[in-house]
There are 2 protein chains.
Amino acid sequence: MQTILVIEDDESLRDTIGVLLEQEGFKAVLVGDGRSGLDQALALKPDLMMVDLRLPGLSGMEVCKQVRAAALPTPIVVLSALADEVDKVLLLELGADDYVVKPFGTRELLARIRAVLRRTGPERTRVVAFNETEVDLEHRIVRRRGEEIKFTPAEYNLLTFFLQNPNRPLTRDLILNSVWGYESYPNTRTVDAHIGRLRQKLEPEPNVPRHFLTVHGVGYRFVP
Amino acid sequence: MQTILVIEDDESLRDTIGVLLEQEGFKAVLVGDGRSGLDQALALKPDLMMVDLRLPGLSGMEVCKQVRAAALPTPIVVLSALADEVDKVLLLELGADDYVVKPFGTRELLARIRAVLRRTGPERTRVVAFNETEVDLEHRIVRRRGEEIKFTPAEYNLLTFFLQNPNRPLTRDLILNSVWGYESYPNTRTVDAHIGRLRQKLEPEPNVPRHFLTVHGVGYRFVP
DNA sequence: TGCTTTATTCACAATTCCTTTACAACTCTT
DNA sequence: AAGAGTTGTAAAGGAATTGTGAATAAAGCA
């Protein structure tokens, strides 16, 4: 499922867009200010992001700039108020892929999103990296300091699930459901055991985890 | 005020629930059959609905299905008779958020309602900030001056409860009920201890609180 | 002020929760 | 069919959390 990050401070508009996107089968992540927007963009690596120009704190333009500075390939659609008198050329130079002027209809918004997604196409990031390890999703290879590490299917699935959901505490039940599926019902200790194996292979100090953190009483959290 | 729609064909039970809810400050809308229940649900968009499984006309299950088909986000609590041998998994898959087996105590019912409302509740705000701290509800992360602070489950639950009820004096009993729930009955000193821990972590001067204030003889009050 | 009630703080034990290890069952390969 | 690798689970040990009581402090009140 494609993820779209929406950075918009008007709460009601934000929610509207959120509902709209989810109806259309996207996963929508909503934030209200530039700072968290930028954080989310870097962590989530969404398939597309929509950025309001006028934002509290970090401005939309600043967010674009920093996203590009981080070499994220994520396409950006800018939302701007009519009054803003945007310099469109500047905007596109900043790295935006399209812009929509408020107020806009849902129909138009969706059309723009689809168009941008089509243009920028499905060249997903096939390699994810954190700390000293890189995961090549396409070839299903994990390297640490350039050296290949073997992963069993269960371990690898768990790892990629974490990669897709960084910085968020994931409950054991959620992990079981997502990685093992609805069909099988292993007990939740199983997750712990596998976390242990991940740590063994990927943490510099397996007993002082820096990436696969436990959130006591809740579950686990991966921080890249 | 939060509106709760009750769909229950047993008139006396229906009235009992109605009175109970209104005592607790909810607005209760009562109907006796599935058809009108569904109509009301779509028209009212209540904050929560309680649905009896056995209903004349449209069954409770059918109501759930249709409500979900209409993409209403309203949480649903199902009421079922002991004899009904409910398939809980099926129920939850149908879109119900919780179920209560008849006969139930009023205490239990209220607790369930509160729990569901809390779960599904106003988690629209993803990041809340006050003074130098920000709480990222989605990531369950609390930061102070940008630095992450660890919170235990009890502390975190208490904190978010305060965030959701700012500027209002909250009695210890209310806090216990809301945060700890109905299953456990810790004594009210427990709340004090936890308030202390919150202050320790979040107040600039823990012994001169500016956010987690005590209301002598009453309870506590959070001012952002 | 002195007295009573209420709140804070601290240390600690009970409990809950997590980690690790070992191992048996199971699945593939050969 | 044996062997190698994988996986779920149980059990033991360790760590973190949490409720409580007792000592102390603060607030309210006459």
# chains A, B, ... in the order shown; residues from 1 in each chain; ligands from 1
>>> interface_residues(of="chain A", to="chain C", cutoff="12 Å", atoms="only C-alpha atoms (C1' of nucleotides)", output="number ranges by chain")
A: 188-197, 199-200, 206-208, 213-220
>>> interface_residues(of="chain B", to="chain A", cutoff="8 Å", atoms="only C-alpha atoms", output="list in words")
Arg126, Val127, Glu138, His139, Arg140, Thr152 and Pro153 of chain B
>>> closest_atom_pairs(of="chain D", to="chain A", cutoff="10 Å", atoms="only C-alpha atoms (C1' of nucleotides)", output="Markdown table")
| residue | atom | partner | partner_atom | distance |
| --- | --- | --- | --- | --- |
| D:DG5 | C1' | A:Thr152 | CA | 9.1 |
| D:DT6 | C1' | A:Thr152 | CA | 7.1 |
| D:DT7 | C1' | A:Ala154 | CA | 8.2 |
| D:DG8 | C1' | A:Thr190 | CA | 6.3 |
| D:DT9 | C1' | A:Thr190 | CA | 7.5 |
| D:DA10 | C1' | A:Arg189 | CA | 9.9 |
| D:DA16 | C1' | A:His216 | CA | 7.7 |
| D:DT17 | C1' | A:His216 | CA | 8.8 |
>>> write_last_selection(atoms="C-alpha atoms (C1' of nucleotides)", output="PDB file, in the first residue's frame")
ATOM      1  C1'  DG D   5      18.921 -25.527   9.359  1.00  0.00           C
ATOM      2  C1'  DT D   6      14.839 -23.216  11.247  1.00  0.00           C
ATOM      3  C1'  DT D   7      11.249 -22.205  14.527  1.00  0.00           C
ATOM      4  C1'  DG D   8       8.149 -22.074  18.389  1.00  0.00           C
ATOM      5  C1'  DT D   9       8.014 -22.798  23.342  1.00  0.00           C
ATOM      6  C1'  DA D  10       9.107 -23.569  28.089  1.00  0.00           C
ATOM      7  C1'  DA D  16      11.631  -2.796  35.417  1.00  0.00           C
ATOM      8  C1'  DT D  17       7.399  -1.288  37.192  1.00  0.00           C
TER       9       DT D  17
END
>>> select_by_dssp(residues="stretch 111-174 of chain A", states="strand (DSSP E or B)", output="VMD selection string")
chain A and resid 127 to 130 133 to 136 141 to 144 147 to 149 170 to 171
>>> atom_distance(atom1="atom CA of B:Leu159", atom2="atom CA of B:Gly146")
17.8 Å
>>> residues_around(residues="B:Arg54", least_positions_apart="2", cutoff="9 Å", atoms="only C-alpha atoms (C1' of nucleotides)", output="mmCIF file with C-alpha atoms, in the first residue's frame")
data_model
loop_
_atom_site.group_PDB
_atom_site.id
_atom_site.type_symbol
_atom_site.label_atom_id
_atom_site.label_comp_id
_atom_site.auth_asym_id
_atom_site.auth_seq_id
_atom_site.Cartn_x
_atom_site.Cartn_y
_atom_site.Cartn_z
ATOM 1 C CA GLU B 8 -31.754 -2.668 22.419
ATOM 2 C CA ASP B 9 -35.201 -4.224 22.169
ATOM 3 C CA VAL B 51 -25.951 -2.760 19.774
ATOM 4 C CA ASP B 52 -27.827 -5.743 21.059
ATOM 5 C CA PRO B 56 -36.318 -7.682 15.905
ATOM 6 C CA LEU B 58 -32.430 -6.229 11.201
ATOM 7 C CA SER B 59 -30.035 -8.187 13.430
ATOM 8 C CA GLY B 60 -27.329 -6.508 15.454
ATOM 9 C CA MET B 61 -24.693 -8.114 13.322
ATOM 10 C CA LEU B 79 -24.387 -6.516 23.887
ATOM 11 C CA SER B 80 -24.960 -10.236 23.811
ATOM 12 C CA ALA B 81 -26.889 -12.699 25.890
ATOM 13 C CA ASP B 84 -25.728 -16.577 22.348
#
>>> atom_distance(atom1="atom CA of A:Asn165", atom2="atom CA of B:Phe151")
20.6 Å
>>> residues_around(residues="B:Leu202", least_positions_apart="5", cutoff="9 Å", atoms="only C-alpha atoms (C1' of nucleotides)", output="ChimeraX atom specification")
/B:132-133,144,149,197,211
